[in-house]
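Below is protein_33.cif, which holds mmCIF, C-alpha atoms and all ligand atoms.
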```
data_structure
loop_
_atom_site.group_PDB
_atom_site.id
_atom_site.type_symbol
_atom_site.label_atom_id
_atom_site.label_comp_id
_atom_site.auth_asym_id
_atom_site.auth_seq_id
_atom_site.Cartn_x
_atom_site.Cartn_y
_atom_site.Cartn_z
ATOM 1 C CA MET A 1 23.977 -72.522 -161.804
ATOM 2 C CA THR A 2 25.322 -69.655 -159.774
ATOM 3 C CA LYS A 3 28.944 -68.769 -159.938
ATOM 4 C CA LYS A 4 29.493 -70.004 -156.426
ATOM 5 C CA LEU A 5 28.120 -73.427 -157.277
ATOM 6 C CA VAL A 6 30.280 -73.712 -160.362
ATOM 7 C CA THR A 7 33.358 -72.877 -158.355
ATOM 8 C CA GLY A 8 32.334 -75.407 -155.738
ATOM 9 C CA ALA A 9 31.856 -78.134 -158.338
ATOM 10 C CA ALA A 10 35.205 -77.378 -159.907
ATOM 11 C CA ALA A 11 36.883 -77.530 -156.534
ATOM 12 C CA ALA A 12 35.192 -80.850 -155.812
ATOM 13 C CA ALA A 13 36.255 -82.235 -159.174
ATOM 14 C CA LEU A 14 39.803 -81.177 -158.518
ATOM 15 C CA LEU A 15 39.713 -82.785 -155.113
ATOM 16 C CA LEU A 16 38.376 -86.026 -156.582
ATOM 17 C CA ALA A 17 40.978 -85.996 -159.300
ATOM 18 C CA THR A 18 43.745 -85.765 -156.756
ATOM 19 C CA THR A 19 42.374 -88.186 -154.170
ATOM 20 C CA ILE A 20 40.525 -90.929 -156.065
ATOM 21 C CA PRO A 21 43.350 -92.323 -158.218
ATOM 22 C CA ALA A 22 45.509 -92.917 -155.173
ATOM 23 C CA VAL A 23 42.762 -95.043 -153.645
ATOM 24 C CA ALA A 24 41.641 -96.777 -156.804
ATOM 25 C CA HIS A 25 45.165 -97.853 -157.628
ATOM 26 C CA GLY A 26 45.586 -100.196 -154.757
ATOM 27 C CA GLU A 27 45.802 -97.832 -151.891
ATOM 28 C CA GLY A 28 48.513 -95.380 -152.881
ATOM 29 C CA LYS A 29 51.675 -95.532 -150.908
ATOM 30 C CA ARG A 30 51.419 -96.636 -147.306
ATOM 31 C CA PHE A 31 53.942 -95.327 -144.838
ATOM 32 C CA HIS A 32 55.756 -97.942 -142.762
ATOM 33 C CA GLU A 33 53.350 -98.136 -139.783
ATOM 34 C CA SER A 34 50.340 -98.174 -142.066
ATOM 35 C CA LYS A 35 51.738 -101.103 -144.025
ATOM 36 C CA GLU A 36 52.675 -103.038 -140.931
ATOM 37 C CA ARG A 37 49.253 -102.822 -139.275
ATOM 38 C CA HIS A 38 47.517 -103.427 -142.590
ATOM 39 C CA ASP A 39 49.538 -106.610 -143.155
ATOM 40 C CA ILE A 40 48.633 -107.867 -139.686
ATOM 41 C CA MET A 41 44.946 -107.183 -140.343
ATOM 42 C CA GLU A 42 45.228 -109.055 -143.633
ATOM 43 C CA VAL A 43 46.150 -112.192 -141.675
ATOM 44 C CA PHE A 44 42.648 -112.109 -140.150
ATOM 45 C CA GLY A 45 40.950 -111.383 -143.445
ATOM 46 C CA LYS A 46 42.866 -114.081 -145.308
ATOM 47 C CA GLY A 47 42.490 -116.540 -142.436
ATOM 48 C CA PHE A 48 38.710 -116.239 -142.501
ATOM 49 C CA GLY A 49 38.808 -116.469 -146.298
ATOM 50 C CA LYS A 50 40.722 -119.755 -146.179
ATOM 51 C CA ILE A 51 38.519 -121.150 -143.427
ATOM 52 C CA SER A 52 35.411 -120.355 -145.383
ATOM 53 C CA LYS A 53 36.787 -122.205 -148.425
ATOM 54 C CA ILE A 54 37.615 -125.228 -146.286
ATOM 55 C CA MET A 55 34.130 -125.218 -144.764
ATOM 56 C CA LYS A 56 32.552 -125.063 -148.200
ATOM 57 C CA GLY A 57 34.814 -127.843 -149.434
ATOM 58 C CA GLU A 58 36.253 -125.615 -152.162
ATOM 59 C CA GLU A 59 39.904 -125.632 -151.179
ATOM 60 C CA GLY A 60 42.109 -127.058 -148.438
ATOM 61 C CA THR A 61 41.226 -129.539 -145.703
ATOM 62 C CA PRO A 62 40.050 -129.299 -142.084
ATOM 63 C CA ALA A 63 43.484 -130.531 -141.007
ATOM 64 C CA GLU A 64 44.764 -127.021 -141.851
ATOM 65 C CA LEU A 65 42.384 -125.258 -139.476
ATOM 66 C CA PRO A 66 44.602 -125.340 -136.357
ATOM 67 C CA THR A 67 47.520 -123.792 -138.265
ATOM 68 C CA ILE A 68 45.383 -121.032 -139.735
ATOM 69 C CA ALA A 69 43.845 -120.277 -136.336
ATOM 70 C CA ARG A 70 47.267 -120.234 -134.698
ATOM 71 C CA LYS A 71 48.523 -117.712 -137.259
ATOM 72 C CA MET A 72 45.531 -115.514 -136.531
ATOM 73 C CA ALA A 73 46.183 -115.761 -132.788
ATOM 74 C CA GLU A 74 49.838 -114.833 -133.343
ATOM 75 C CA ALA A 75 48.796 -111.839 -135.423
ATOM 76 C CA SER A 76 46.330 -110.785 -132.742
ATOM 77 C CA SER A 77 49.107 -110.563 -130.185
ATOM 78 C CA LYS A 78 50.962 -108.076 -132.408
ATOM 79 C CA THR A 79 48.002 -105.953 -133.394
ATOM 80 C CA LYS A 80 47.941 -103.478 -130.533
ATOM 81 C CA ALA A 81 51.644 -102.718 -130.791
ATOM 82 C CA SER A 82 51.223 -102.056 -134.503
ATOM 83 C CA PHE A 83 48.793 -99.212 -133.722
ATOM 84 C CA GLU A 84 50.628 -97.803 -130.733
ATOM 85 C CA LYS A 85 52.403 -95.085 -132.654
ATOM 86 C CA ASP A 86 50.112 -92.119 -133.155
ATOM 87 C CA THR A 87 50.314 -91.510 -136.896
ATOM 88 C CA ARG A 88 47.714 -88.750 -137.162
ATOM 89 C CA GLY A 89 48.765 -86.287 -139.811
ATOM 90 C CA MET A 90 51.442 -88.532 -141.279
ATOM 91 C CA GLU A 91 51.824 -88.383 -145.002
ATOM 92 C CA GLY A 92 50.812 -91.403 -147.063
ATOM 93 C CA PHE A 93 47.928 -93.806 -147.334
ATOM 94 C CA THR A 94 46.100 -95.356 -144.414
ATOM 95 C CA GLU A 95 42.563 -96.413 -143.604
ATOM 96 C CA ALA A 96 43.128 -95.785 -139.901
ATOM 97 C CA LYS A 97 41.000 -92.902 -138.672
ATOM 98 C CA ASP A 98 42.318 -90.204 -136.342
ATOM 99 C CA GLU A 99 39.646 -91.257 -133.820
ATOM 100 C CA ILE A 100 41.865 -94.233 -132.891
ATOM 101 C CA TRP A 101 44.263 -91.959 -131.034
ATOM 102 C CA ASP A 102 41.481 -89.644 -129.821
ATOM 103 C CA ASN A 103 39.969 -92.704 -128.080
ATOM 104 C CA TRP A 104 43.023 -94.854 -127.525
ATOM 105 C CA ASP A 105 41.690 -96.644 -124.414
ATOM 106 C CA ASP A 106 38.556 -97.762 -126.215
ATOM 107 C CA PHE A 107 40.505 -98.852 -129.290
ATOM 108 C CA ALA A 108 43.186 -100.684 -127.287
ATOM 109 C CA GLY A 109 40.504 -102.399 -125.178
ATOM 110 C CA ARG A 110 38.883 -103.732 -128.331
ATOM 111 C CA LEU A 111 42.204 -105.164 -129.485
ATOM 112 C CA ASP A 112 42.790 -106.795 -126.106
ATOM 113 C CA LYS A 113 39.407 -108.452 -126.391
ATOM 114 C CA MET A 114 40.113 -109.582 -129.945
ATOM 115 C CA GLU A 115 43.402 -111.085 -128.780
ATOM 116 C CA GLN A 116 41.630 -113.080 -126.052
ATOM 117 C CA ASP A 117 39.047 -114.316 -128.537
ATOM 118 C CA ALA A 118 41.754 -115.236 -131.049
ATOM 119 C CA GLN A 119 43.648 -117.253 -128.424
ATOM 120 C CA ALA A 120 40.442 -119.055 -127.471
ATOM 121 C CA PHE A 121 39.756 -119.679 -131.144
ATOM 122 C CA ALA A 122 43.207 -121.204 -131.685
ATOM 123 C CA ALA A 123 42.703 -123.427 -128.628
ATOM 124 C CA ALA A 124 39.301 -124.543 -129.922
ATOM 125 C CA ALA A 125 40.778 -125.265 -133.368
ATOM 126 C CA GLU A 126 43.501 -127.343 -131.742
ATOM 127 C CA THR A 127 40.895 -129.719 -130.254
ATOM 128 C CA GLY A 128 39.558 -130.524 -133.727
ATOM 129 C CA ASP A 129 36.066 -130.408 -132.228
ATOM 130 C CA MET A 130 33.858 -128.536 -134.676
ATOM 131 C CA ALA A 131 31.238 -127.966 -132.001
ATOM 132 C CA ARG A 132 33.813 -125.761 -130.263
ATOM 133 C CA PHE A 133 35.406 -124.372 -133.400
ATOM 134 C CA GLY A 134 32.246 -122.761 -134.817
ATOM 135 C CA PRO A 135 31.212 -120.706 -131.786
ATOM 136 C CA ALA A 136 34.827 -119.628 -131.107
ATOM 137 C CA MET A 137 35.157 -118.437 -134.678
ATOM 138 C CA LYS A 138 31.920 -116.533 -134.418
ATOM 139 C CA GLN A 139 33.130 -114.933 -131.206
ATOM 140 C CA LEU A 140 36.367 -113.810 -132.866
ATOM 141 C CA GLY A 141 34.484 -112.529 -135.890
ATOM 142 C CA SER A 142 32.211 -110.436 -133.697
ATOM 143 C CA ASN A 143 35.093 -108.026 -133.055
ATOM 144 C CA CYS A 144 35.745 -106.950 -136.614
ATOM 145 C CA LYS A 145 32.847 -104.953 -137.976
ATOM 146 C CA SER A 146 32.056 -102.763 -134.990
ATOM 147 C CA CYS A 147 35.643 -101.573 -134.840
ATOM 148 C CA HIS A 148 35.888 -101.033 -138.588
ATOM 149 C CA ASP A 149 32.647 -99.059 -138.541
ATOM 150 C CA LYS A 150 34.101 -96.710 -135.990
ATOM 151 C CA TYR A 151 37.816 -96.605 -136.719
ATOM 152 C CA LYS A 152 38.459 -97.677 -140.296
ATOM 153 C CA ALA A 153 37.858 -95.370 -143.216
ATOM 154 C CA ASP A 154 35.765 -96.967 -145.932
ATOM 155 C CA LEU A 155 37.849 -96.030 -148.921
ATOM 156 C CA ASP A 156 37.363 -98.927 -151.265
HETATM 157 C C1 LIG B 1 40.056 -102.488 -132.652
HETATM 158 C C2 LIG B 1 39.782 -102.238 -134.047
HETATM 159 C C3 LIG B 1 39.826 -103.333 -135.066
HETATM 160 C C4 LIG B 1 39.469 -104.655 -134.917
HETATM 161 C C5 LIG B 1 38.916 -105.355 -133.684
HETATM 162 C C6 LIG B 1 39.673 -105.267 -136.207
HETATM 163 N N1 LIG B 1 40.172 -104.358 -137.111
HETATM 164 FE FE1 LIG B 1 40.648 -104.721 -139.041
HETATM 165 N N2 LIG B 1 41.311 -102.796 -139.261
HETATM 166 C C7 LIG B 1 41.239 -101.824 -138.293
HETATM 167 C C8 LIG B 1 41.826 -100.591 -138.801
HETATM 168 C C9 LIG B 1 41.954 -99.276 -138.048
HETATM 169 C C10 LIG B 1 42.266 -100.861 -140.113
HETATM 170 C C11 LIG B 1 42.989 -99.887 -141.067
HETATM 171 C C12 LIG B 1 44.498 -99.903 -140.805
HETATM 172 C C13 LIG B 1 45.294 -98.968 -141.701
HETATM 173 O O1 LIG B 1 45.001 -98.845 -142.909
HETATM 174 O O2 LIG B 1 46.265 -98.356 -141.216
HETATM 175 C C14 LIG B 1 41.899 -102.260 -140.384
HETATM 176 C C15 LIG B 1 42.126 -102.928 -141.584
HETATM 177 C C16 LIG B 1 41.715 -104.215 -141.871
HETATM 178 C C17 LIG B 1 41.885 -104.872 -143.157
HETATM 179 C C18 LIG B 1 42.533 -104.278 -144.394
HETATM 180 C C19 LIG B 1 41.610 -103.331 -145.084
HETATM 181 C C20 LIG B 1 40.427 -103.999 -145.720
HETATM 182 O O3 LIG B 1 39.298 -103.619 -145.373
HETATM 183 O O4 LIG B 1 40.617 -104.918 -146.540
HETATM 184 C C21 LIG B 1 41.353 -106.139 -143.047
HETATM 185 C C22 LIG B 1 41.309 -107.221 -144.118
HETATM 186 C C23 LIG B 1 40.874 -106.272 -141.682
HETATM 187 N N3 LIG B 1 41.095 -105.079 -141.002
HETATM 188 C C24 LIG B 1 40.273 -107.415 -141.183
HETATM 189 C C25 LIG B 1 39.853 -107.563 -139.860
HETATM 190 C C26 LIG B 1 39.204 -108.770 -139.345
HETATM 191 C C27 LIG B 1 38.861 -109.999 -140.161
HETATM 192 C C28 LIG B 1 38.987 -108.524 -138.020
HETATM 193 C C29 LIG B 1 38.352 -109.421 -137.006
HETATM 194 C C30 LIG B 1 38.939 -110.696 -136.760
HETATM 195 C C31 LIG B 1 39.478 -107.181 -137.723
HETATM 196 N N4 LIG B 1 39.977 -106.644 -138.863
HETATM 197 C C32 LIG B 1 39.402 -106.605 -136.473
HETATM 198 C C33 LIG B 1 40.717 -101.964 -137.022
HETATM 199 C C34 LIG B 1 40.270 -103.150 -136.459
#
```

The structure in this file should be written as structure tokens.
Ligand code: HEC
Amino acid sequence: MTKKLVTGAAAAALLLATTIPAVAHGEGKRFHESKERHDIMEVFGKGFGKISKIMKGEEGTPAELPTIARKMAEASSKTKASFEKDTRGMEGFTEAKDEIWDNWDDFAGRLDKMEQDAQAFAAAAETGDMARFGPAMKQLGSNCKSCHDKYKADLD
């Protein structure tokens, strides 16, 4: 190994030592805005988790579906506001990439669409008609991954 490589490896090791533990130990310390938007996002993640358990008959009953969907719709109406503050360069943990505020119109448009889909999902859940519930859930779920791929850092 050349000297340059050794120095590079040492620098990388040092970098890992300082960055990895913060991530591995449950996300380090989030600053206020980071925590708020994360908690809103968790409502979607947990909502889908509960729904999936109900569908598989593992936990809960279909009677809970409208309430879960309504909570997700409520969260969706707060999501955009939770990202409005540009937190680029702020100290503390976040999975939000800087690109969010570089491309705010695209990002905000995605959240508007998710909100519409979440409202439609809650309305479908309210009817108790599973033939409407399934497609509406799929429609809501179609928003998640493409945005995460572009705007959420994959740290865990
Ligand atoms: C317009 C972009 C966008 C959409 C749409 C979106 N998310 Fe997120 N999501 C993010 C960003 C950005 C973060 C990271 C926030 C932070 O750490 O500050 C995040 C974080 C999360 C997290 C916490 C981190 C993790 O991976 O466990 C969960 C859970 C989550 N989102 C679930 C969802 C689900 C489910 C949907 C779809 C119903 C969804 N999100 C739709 C951008 C989005």

Distance of CA of Lys145 (chain A) from CA of Met114 (chain A), expressed in Å to one decimal place: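 CA of Lys145 (chain A) lies at a distance of 11.8 Å from CA of Met114 (chain A).
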
Which of these residues is nearest to Lys71 (chain A), using all atoms listed in the file: A:Gly45, A:Gly57, A:Gly109, A:Gly92? A:Gly45

My list of candidates is A:Phe48, A:Tyr151, A:Phe107, A:Phe83. Which is closest to Ile68 (chain A) when distances are computed with all atoms listed in the file?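 Among the listed residues, A:Phe48 lies closest to Ile68 (chain A).
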
Please evaluate the PyMOL selection byres (((not hetatm)) within 8 of (chain B and resi 1)) against the displayed coordinates and give the resulting residues as a PyMOL selection string. chain A and resi 33-39+41-48+83+93-97+100+107-111+113-114+118+140-148+151-154+156

Output file for the selection above: C-alpha atoms, as a PDB file, keeping the file's coordinate frame:
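Output saved as selection01.pdb:
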```pdb
ATOM      1  CA  GLU A  33      53.350 -98.136-139.783  1.00  0.00           C
ATOM      2  CA  SER A  34      50.340 -98.174-142.066  1.00  0.00           C
ATOM      3  CA  LYS A  35      51.738-101.103-144.025  1.00  0.00           C
ATOM      4  CA  GLU A  36      52.675-103.038-140.931  1.00  0.00           C
ATOM      5  CA  ARG A  37      49.253-102.822-139.275  1.00  0.00           C
ATOM      6  CA  HIS A  38      47.517-103.427-142.590  1.00  0.00           C
ATOM      7  CA  ASP A  39      49.538-106.610-143.155  1.00  0.00           C
ATOM      8  CA  MET A  41      44.946-107.183-140.343  1.00  0.00           C
ATOM      9  CA  GLU A  42      45.228-109.055-143.633  1.00  0.00           C
ATOM     10  CA  VAL A  43      46.150-112.192-141.675  1.00  0.00           C
ATOM     11  CA  PHE A  44      42.648-112.109-140.150  1.00  0.00           C
ATOM     12  CA  GLY A  45      40.950-111.383-143.445  1.00  0.00           C
ATOM     13  CA  LYS A  46      42.866-114.081-145.308  1.00  0.00           C
ATOM     14  CA  GLY A  47      42.490-116.540-142.436  1.00  0.00           C
ATOM     15  CA  PHE A  48      38.710-116.239-142.501  1.00  0.00           C
ATOM     16  CA  PHE A  83      48.793 -99.212-133.722  1.00  0.00           C
ATOM     17  CA  PHE A  93      47.928 -93.806-147.334  1.00  0.00           C
ATOM     18  CA  THR A  94      46.100 -95.356-144.414  1.00  0.00           C
ATOM     19  CA  GLU A  95      42.563 -96.413-143.604  1.00  0.00           C
ATOM     20  CA  ALA A  96      43.128 -95.785-139.901  1.00  0.00           C
ATOM     21  CA  LYS A  97      41.000 -92.902-138.672  1.00  0.00           C
ATOM     22  CA  ILE A 100      41.865 -94.233-132.891  1.00  0.00           C
ATOM     23  CA  PHE A 107      40.505 -98.852-129.290  1.00  0.00           C
ATOM     24  CA  ALA A 108      43.186-100.684-127.287  1.00  0.00           C
ATOM     25  CA  GLY A 109      40.504-102.399-125.178  1.00  0.00           C
ATOM     26  CA  ARG A 110      38.883-103.732-128.331  1.00  0.00           C
ATOM     27  CA  LEU A 111      42.204-105.164-129.485  1.00  0.00           C
ATOM     28  CA  LYS A 113      39.407-108.452-126.391  1.00  0.00           C
ATOM     29  CA  MET A 114      40.113-109.582-129.945  1.00  0.00           C
ATOM     30  CA  ALA A 118      41.754-115.236-131.049  1.00  0.00           C
ATOM     31  CA  LEU A 140      36.367-113.810-132.866  1.00  0.00           C
ATOM     32  CA  GLY A 141      34.484-112.529-135.890  1.00  0.00           C
ATOM     33  CA  SER A 142      32.211-110.436-133.697  1.00  0.00           C
ATOM     34  CA  ASN A 143      35.093-108.026-133.055  1.00  0.00           C
ATOM     35  CA  CYS A 144      35.745-106.950-136.614  1.00  0.00           C
ATOM     36  CA  LYS A 145      32.847-104.953-137.976  1.00  0.00           C
ATOM     37  CA  SER A 146      32.056-102.763-134.990  1.00  0.00           C
ATOM     38  CA  CYS A 147      35.643-101.573-134.840  1.00  0.00           C
ATOM     39  CA  HIS A 148      35.888-101.033-138.588  1.00  0.00           C
ATOM     40  CA  TYR A 151      37.816 -96.605-136.719  1.00  0.00           C
ATOM     41  CA  LYS A 152      38.459 -97.677-140.296  1.00  0.00           C
ATOM     42  CA  ALA A 153      37.858 -95.370-143.216  1.00  0.00           C
ATOM     43  CA  ASP A 154      35.765 -96.967-145.932  1.00  0.00           C
ATOM     44  CA  ASP A 156      37.363 -98.927-151.265  1.00  0.00           C
TER      45      ASP A 156
END
```

Near-Ala120 (chain A) list (9 Å; only C-alpha atoms; drop same-chain fewer than 5 positions) as a ChimeraX atom specification: /A:73,115,125,136-137,140

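Using only C-alpha atoms for every distance, the candidate list A:Glu58, A:Glu91, A:Glu74, A:Asp102 yields A:Glu91 as the residue closest to Gly28 (chain A).
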
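CA of Phe133 (chain A) lies 15.1 Å from CA of Lys56 (chain A).
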
Of A:Gln139, A:Gln119, A:Thr87, A:Asn103, the one sitting nearest Pro66 (chain A) when using all atoms listed in the file is A:Gln119

Å distance separating CA of Asp86 (chain A) from CA of Ala69 (chain A), one decimal place: 29.0 Å

Contacts of Asp129 (chain A) at 12 Å or less, counting only C-alpha atoms, minus same-chain residues fewer than 5 places along, as number ranges by chain? A: 62-63, 65-66, 121-124, 134-136

Using all atoms listed in the file, pick whichever of A:Met90, A:Met130, A:Lys50, A:Asp112 has the shortest atom-to-atom distance to Arg30 (chain A). A:Met90

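Distances here use all atoms listed in the file; by that measure, the residue among A:Ser77, A:Ser52, A:Ser82, A:Thr61 closest to His32 (chain A) is A:Ser82.
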
Box time for region 42-48 of chain A: axis-aligned, enclosing all its listed atoms, 8 Å extra on each side; report centre and edge lengths in Å to one decimal, as lines of an AutoDock Vina configuration file.
```
center_x = 42.4
center_y = -112.8
center_z = -142.7
size_x = 23.4
size_y = 23.5
size_z = 21.2
```
